[in-house]
Amino acid sequence: MEVQDRESLGRWEGLGSRDAISRTEAMENIRQDVMRRVETIRPITTLAPASKSPLKSDLNDILAHLLMLTKRCPFDDVKEQCVRILQGVQDLGVRIPRPLGNGPSRFIPEKEILEVSKVDARTQSIFEDAFAALGRLDNISLVMGFHPQYLGSFLRTQHYLLQMDGPLSLHYRHYIGIMAAARHQCSYLVNLHVNDFLQVGGDPKWLDGLDEAPQKLQQLGELNKILAHRPWLLTKEHIECLLKAEEHSWSLAELIHAVVLLTHYHSLASFTFGCGITTEIHCNGGHTFRPPSLSQYCVCDIANGNGHSIHHNDSLGNHELCGEVEVLMERMKQLQECDDEEASQEEMATRFEREKTESMLVVTAEDEECVPSRDISRHFEDPSYGYKDFSRRGEHVPTFRVQDYSWEDHGFSLVNRLYPDVGQMLDEKFQMAYNLTYNTMATHKDVDTSMLRRAIWNYIHCMFGIRYDDYDYGEINQLLDRSFKIYIKTMVCSPEKTTKRMYESFWRQFQHSEKVHVNLLLMEARMQAELLYALRAITRYMT
C-alpha cells in the first residue's frame with residue numbers, strides 16, 4: 001500500500017471511536033492538517049478551476065470527505081466539527097464542495113430516510129457500528145435502515161465476507177465484487193470496491209481491465225456471466241474447468257467464497273438500482289466544487305440540509321387508486337378461505353409451468369438497450385450476454401425442483417463445510433428477509449402478510465425455473481399485478497433498466513419502508529436462486 005493511502009486511512013480512523021474525547025482529538029488533527037494544506041495552496045487559489053496541482057487535488061479529496069461526514073456520520077459532534085472546518089476553509093477564500101443530488105435515494109425523500117435513526121435507537125447503534133468498521137455509512141445501509149433487524153444481519157455477513165479470515169485474499173475479494181457489480185453496470189458498487197481494492201493493497205494495473213488481472217481471476221469471468229444472467233446453464237463441467245486449471249486452479253474453499261461474493265454482489269446490484277441508490281457524496285459525481293448558478297453557496301446549507309430537492313407528491317395517484325390495498329387484502333382473505341380445495345399434483349405442475357412461461361414474456365423495460373461504459377465493461381467479458389437473449393429466442397428454462405436440491409437440506413451444509421460460519425450467516429439473512437413483518441399493509445394493522453411474502457419469493461424463483469411442489473402458483477396472479485411483475489422482473493433480471501416510474505407505479509398506496517422491504521425480498525430470493533444453481537453444480541462435480 002502506498003504511504004499516501006496509509007496516511008489517508010489513519011487520518012479518519014479515530015472518528016469511528018465510541019469515545020467522544022478520541023473523536024475530538026482525531027477531528028483536531030484533521031483540522032490542523034487541512035489548515036496546513038490550505039496555507040500551502042492559498043497563493044494558487046486564484047487560478048482557474050481547471051488547474052490541478054497534486055496538493056490541491058489531495059486537499060479537495062479531504063474536503064469532499066469532510067462534506068460526506070457532515071451528512072452521513074452517525075455522531076453529531078463529528079458532523080458539527082466538520083461543518084466548522086469547512087466554514088473556516090471557505091472564510092479563507094478556498095472553494096469548498098457542495099453535494100449533488102438529494103440524498104441516498106433518487107426514489108425516496110431524503111428526510112424520510114434520515115429520520116429513521118433519530119427515532120430508532122437500534123438503527124442508530126447499527127449505524128455507529130457500521131461507521132466504526134468501515135469509516136463510512138454508505139447509502140445502501142441508510143436505506144436498509146428502515147429495517148434494522150435485517151440491516152444488522154446484512155452488515156455482519158458482508159463484513160465477514162470482505163474482512164474476516166477466509167480462503168481468498170482481501171484484494172481478490174474486492175476485485176470479485178467489482179467483476180460481479182460490473183455485470184449489471186452498477187457503477188455505484190464498482191466505484192466503492194475500486195477504492196477498497198486499492199486501500200487493501202490491490203495492484204492498480206488490474207483496474208485497467210479484466211485482461212490485466214491474473215489468469216485465475218480471468219477464468220472466473222464465465223462463471224460470473226452465467227450466474228448473473230442464466231444460472232440454469234451452469235454445469236459441473238464449468239466447475240471442473242476452474243478446479244483443474246493447473247497452476248491457475250481454484251481450491252473448493254476458494255470457489256465457494258468466490259461464488260458467495262458473486263451472488264452477493266449480483267443481488268446487491270439489484271437492490272442498488274431497485275431503490276435508486278445515489279453516488280456517495282465523497283465519490284466522483286457525488287459533489288462539485290462549482291458554485292450554484294443562482295446564488296453563492298453557503299456552508300450553512302450543508303448543516304441545514306438545504307438543496308433543490310423536489311418532493312414527489314402522491315396525492316393525485318392515491319385518489320384514483322383508492323382501494324388498491326383493500327383489494328389485495330380481500331384477495332389474500334379469499335385465497336386463505338379456499339385453502340381446503342387442494343389441486344392435484346398434475347394441476348399444480350401445470351400452474352407452475354404456465355407461470356414460468358408467462359414470466360418470460362413480461363417486458364422488463366421501455367428502453368431497448370443499456371450499453372455499458374468502457375469504465376464498467378472493462379471489468380467483464382461479453383457485454384452483450386444477458387437475460388433478455390434467451391427469452392426472445394424462446395429457449396426453455398428447465399425446471400429445478402427444490403425437493404431434489406434445496407438450500408436447507410443441501411446448500412447450507414456445503415457452504416458451512418467449506419467456508420465455516422458463512423452458511424449460518426446466509427441462512428439467518430435469508431430467513432430475516434423472508435419472515436420480516438410488522439403485520440401492516442399501508443395504513444392497515446394486524447395483517448398477516450405471509451401469503452404475499454411467499455408469493456413474491458416464489459415468483460422470483462419461478463423466473464429462474466425453481467419449483468416448490470407444495471405451492472399453488474395460481475396464487476401469484478391473484479396477488480401480484482402487472483406493474484409489480486414488471487418491476488420485479490426488471491430489478492431481478494436487468495436491474496440497470498429500473499426507473500423511478502417503475503418504482504412509483506407499483507403499490508402506490510404503500511409506504512417507502514414497505515417498498516424497501518420488497519427490495520430486500522427480491523435481493524435475497526435472487527441470491528438464493530443463483531446460489532442453488534452454483535452449489536448444485538459443485539455438488540455434482542464432487543459426486
# chains A, B, ... in the order shown; residues from 1 in each chain; ligands from 1
>>> residues_around(residues="region 101-111 of chain A", least_positions_apart="5", cutoff="6 Å", atoms="only C-alpha atoms", output="ChimeraX atom specification")
/A:139,276-278,309
>>> atom_distance(atom1="CA of Leu220 (chain A)", atom2="CA of Val259 (chain A)")
9.5 Å
>>> closest_residue(among="A:Glu28, A:Asp481, A:Glu39, A:Glu524", to="Arg331 (chain A)", atoms="only C-alpha atoms")
A:Asp481
>>> atom_distance(atom1="CA of Thr70 (chain A)", atom2="CA of Thr288 (chain A)")
15.2 Å
>>> closest_residue(among="A:Glu324, A:Glu240, A:Asp76, A:Asp211", to="Leu223 (chain A)", atoms="only C-alpha atoms")
A:Glu240
>>> atom_distance(atom1="CA of Glu280 (chain A)", atom2="CA of Leu531 (chain A)")
29.1 Å
>>> residues_around(residues="Glu222 (chain A)", least_positions_apart="4", cutoff="9 Å", atoms="only C-alpha atoms", output="list in words")
Gln218, Ile226, Leu227, His238 and Glu381 of chain A
>>> write_last_selection(atoms="N, CA and C atoms", output="compact mmCIF listing (two decimals), in the first residue's frame")
# COMPACT_ATOMS: atom_id res chain seq x y z
N GLN A 218 -9.39 -14.11 -14.30
CA GLN A 218 -9.99 -14.06 -15.64
C GLN A 218 -10.86 -15.28 -15.88
N ILE A 226 -22.56 -16.39 -16.39
CA ILE A 226 -23.69 -17.33 -16.36
C ILE A 226 -24.53 -17.14 -15.10
N LEU A 227 -23.88 -17.01 -13.95
CA LEU A 227 -24.62 -16.83 -12.69
C LEU A 227 -25.47 -15.56 -12.72
N HIS A 238 -18.34 -26.64 -15.90
CA HIS A 238 -17.84 -25.28 -15.61
C HIS A 238 -17.01 -25.30 -14.32
N GLU A 381 -16.31 -9.77 -19.39
CA GLU A 381 -16.29 -10.18 -20.79
C GLU A 381 -17.71 -10.27 -21.35
>>> closest_residue(among="A:Leu255, A:Val34, A:Ile126, A:Cys462", to="Cys82 (chain A)", atoms="only C-alpha atoms")
A:Val34
>>> select_by_dssp(residues="region 388-511 of chain A", states="strand (DSSP E or B)", output="number ranges by chain")
A: 400-401, 440-441, 444-445, 466-467
>>> write_last_selection(atoms="C-alpha atoms", output="short mmCIF file (atom, residue, chain, number, x, y, z; two decimals), in the first residue's frame")
data_model
loop_
_atom_site.label_atom_id
_atom_site.label_comp_id
_atom_site.auth_asym_id
_atom_site.auth_seq_id
_atom_site.Cartn_x
_atom_site.Cartn_y
_atom_site.Cartn_z
CA PHE A 400 -35.30 -27.13 -10.87
CA ARG A 401 -37.27 -28.99 -8.17
CA THR A 440 -49.11 -3.94 8.46
CA MET A 441 -50.14 -3.10 4.90
CA HIS A 444 -53.86 -1.26 7.93
CA LYS A 445 -52.61 -3.02 11.06
CA ILE A 466 -37.17 -23.18 -9.43
CA ARG A 467 -40.33 -25.01 -8.32
#
>>> closest_residue(among="A:Leu114, A:Ile176, A:Ala258, A:Leu100", to="Met144 (chain A)", atoms="only C-alpha atoms")
A:Leu114
>>> residues_around(residues="Cys241 (chain A)", least_positions_apart="5", cutoff="10 Å", atoms="only C-alpha atoms", output="PyMOL selection string")
chain A and resi 219-220+236+246+249-250
>>> write_last_selection(atoms="N, CA and C atoms", output="PDB file, in the first residue's frame")
ATOM      1  N   GLN A 219     -10.413 -16.442 -15.367  1.00  0.00           N
ATOM      2  CA  GLN A 219     -11.179 -17.674 -15.580  1.00  0.00           C
ATOM      3  C   GLN A 219     -12.526 -17.658 -14.852  1.00  0.00           C
ATOM      4  N   LEU A 220     -12.662 -16.749 -13.890  1.00  0.00           N
ATOM      5  CA  LEU A 220     -13.924 -16.638 -13.158  1.00  0.00           C
ATOM      6  C   LEU A 220     -14.981 -15.903 -13.996  1.00  0.00           C
ATOM      7  N   LYS A 236     -21.522 -29.033 -14.018  1.00  0.00           N
ATOM      8  CA  LYS A 236     -20.335 -29.466 -13.272  1.00  0.00           C
ATOM      9  C   LYS A 236     -19.066 -29.297 -14.114  1.00  0.00           C
ATOM     10  N   GLU A 246      -4.647 -26.341 -13.644  1.00  0.00           N
ATOM     11  CA  GLU A 246      -3.211 -26.433 -13.367  1.00  0.00           C
ATOM     12  C   GLU A 246      -2.768 -25.330 -12.411  1.00  0.00           C
ATOM     13  N   SER A 249      -5.492 -22.966 -10.919  1.00  0.00           N
ATOM     14  CA  SER A 249      -6.733 -23.594 -10.436  1.00  0.00           C
ATOM     15  C   SER A 249      -7.177 -23.016  -9.087  1.00  0.00           C
ATOM     16  N   TRP A 250      -8.490 -23.148  -8.841  1.00  0.00           N
ATOM     17  CA  TRP A 250      -9.105 -22.722  -7.596  1.00  0.00           C
ATOM     18  C   TRP A 250      -9.255 -23.928  -6.671  1.00  0.00           C
TER      19      TRP A 250
END
>>> closest_residue(among="A:Arg18, A:His193, A:Lys205, A:His159", to="His174 (chain A)", atoms="only C-alpha atoms")
A:His193
